[in-house]
Structures are given as C-alpha cells and as structure tokens.
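What follows is a single structure, written as structure tokens, with notes after it.
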Amino acid sequence: MRMEADLIRAAKRGDASAFEALMSAYERRVYCLCLRMMGNAHDGEDAAQEAMIRIWQKIGQCRDEDAFAAWVYRVTASACTDELRRRRPQASLEAMREEGFEPADGGETPETAVERREERRALERAVAGVPEQMRAVFLLRDVHGMSVEETARALGISQGTVKSRLSRAREKIAGAIKARRTTERGERDAL
C-alpha cells in the first residue's frame, strides 16, 4: 500500500485506482458526516455519493497534502450544505439509531433505557434544529472531534467564526433541551 501522499499525487494525475485506495480510508467518515448533516440514511447516502464525486473532480485543487482530511471534510460539508439549501428539509438525526448509533446495553433497566432513548432523541432534534452552518461546525468539532483549526480549514472559514458558531450552536442545543425538559416536567406535574 502506497503512502497517502503518493496516492493523492497519483489521484491528482487521474489515477482512479489510487483515488479508490485513498478514499477507502475516508469513505466511512464522509458517510457519517453526510448522515448527520442530512438527517437520514437515504439522503446521507446520496450526499456521500455527491461528495465523493466532487472530491474526485476537485482533487487537483487540494494544495496541502498534509491537510487532506480537512479538505475532504470541507468538500463533504459543502456538498451537504448545497443539498440542504436546495431542498430545505427539516433534518433529523434519528437515522443515527438506524445506522447502529445505539451503545451496547450495560444491563440497564427498561425505564433507564427509555429515558436514555428519549434524551438521545431530544438531543438529535435539538441538533437538527440548529441552522446548517452552526450544525456543520458542531458536528465536525464536537462529534467528529476535529480541532478548531481543522474545522476552520474543513469549512473554509476563520477560526473565530468556528468558535462563534460553535458557541451559538451549543447554546441553542442546550436551550432546546432545557425547554423540552421543562415542558415534560410540566406535563408530568399536570398528571
């Protein structure tokens, strides 16, 4: 197996087999980001396919081979954002469960399992309710664990913009979850 830099250079020259070998390491990450940004498996698959096509078409534009992963994320996030703008769907992250997002059962009680699922659904709805630019920053930084610098490069924005959008996304998500809990408590107290 050739090193990543060699594969990038070969793919830039049009070597499809080098591109395929290169992207085999990124395929799952591209799909996971698309799934989370698009909100369901079907749209996630479509967006991932579009992202891979764009990556192939634009690989010659990748100037920094050491930052290839960030560049892949930027092209992927851009493909998702373009599709979301085109469709303007109400994105949801519930498809994450369909794709095996559920953690293994730790011997919890049925009540605890239900509470955990409800909390996860509330979090997914809260994340889906955040504007797409903030959602992309939140997903790359907090879910995929990228640094502020990597997130900025991936999305083609400044580090200050990453920090600002991340802060606002976290506030909106926390506020939505808090509002939901308050509503649920009020409903339970009314019973």
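Letters for chains follow the order of the structure tokens (A, B, ...), residue numbers begin at 1 for each chain, and ligand numbers begin at 1 in the order shown.
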*Enumerate as a ChimeraX atom specification all residues of range 19-173 of chain A assigned to alpha helix (DSSP H) by DSSP on the backbone, naming them with the chain letters and numbers the document uses.*
/A:19-24,27-38,41-58,68-87,95-98,110-128,132-138,148-155,159-173
*Excluding Glu171 in chain A and residues on its chain fewer than 6 positions from it, collect all residues at most 10 Å away from it, counting only C-alpha atoms, and give them as a list in words.*
Val130, Arg165 and Ile177 of chain A
Would you save the residues from that selection as a PDB file, in the first residue's frame, using C-alpha atoms?
```
ATOM      1  CA  VAL A 130     -29.700  24.317  14.627  1.00  0.00           C
ATOM      2  CA  ARG A 165     -20.762  29.292  15.513  1.00  0.00           C
ATOM      3  CA  ILE A 177     -33.031  20.514  25.567  1.00  0.00           C
TER       4      ILE A 177
END
```
_Nearest-residue call for Ala69 in chain A, choices A:Thr151, A:Gln57, A:Thr81, A:Gln49, using only C-alpha atoms_ = A:Thr151
*Using only C-alpha atoms, which residues sit within 12 Å of Asp46 in chain A once same-chain residues fewer than 2 positions away are excluded, as a ChimeraX atom specification?*
/A:30-31,34-35,37-44,48-53,76,79-80,83-84
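Atom pair CA of Arg9 in chain A / CA of Ser24 in chain A has a distance of 15.9 Å (rounded to one decimal).
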*Go ahead and compute the interatomic distance for CA of Val72 in chain A and CA of Ile55 in chain A, in Å to one decimal.*
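CA of Ile55 in chain A lies 6.9 Å from CA of Val72 in chain A.
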*Find the spatial neighbours of Glu132 in chain A, counting only C-alpha atoms, within a cut-off of 12 Å - ignore same-chain residues fewer than 2 positions away - and output them as a ChimeraX atom specification.*
/A:36-39,77-78,80-85,88-92,127-130,134-139,155,165-166,169
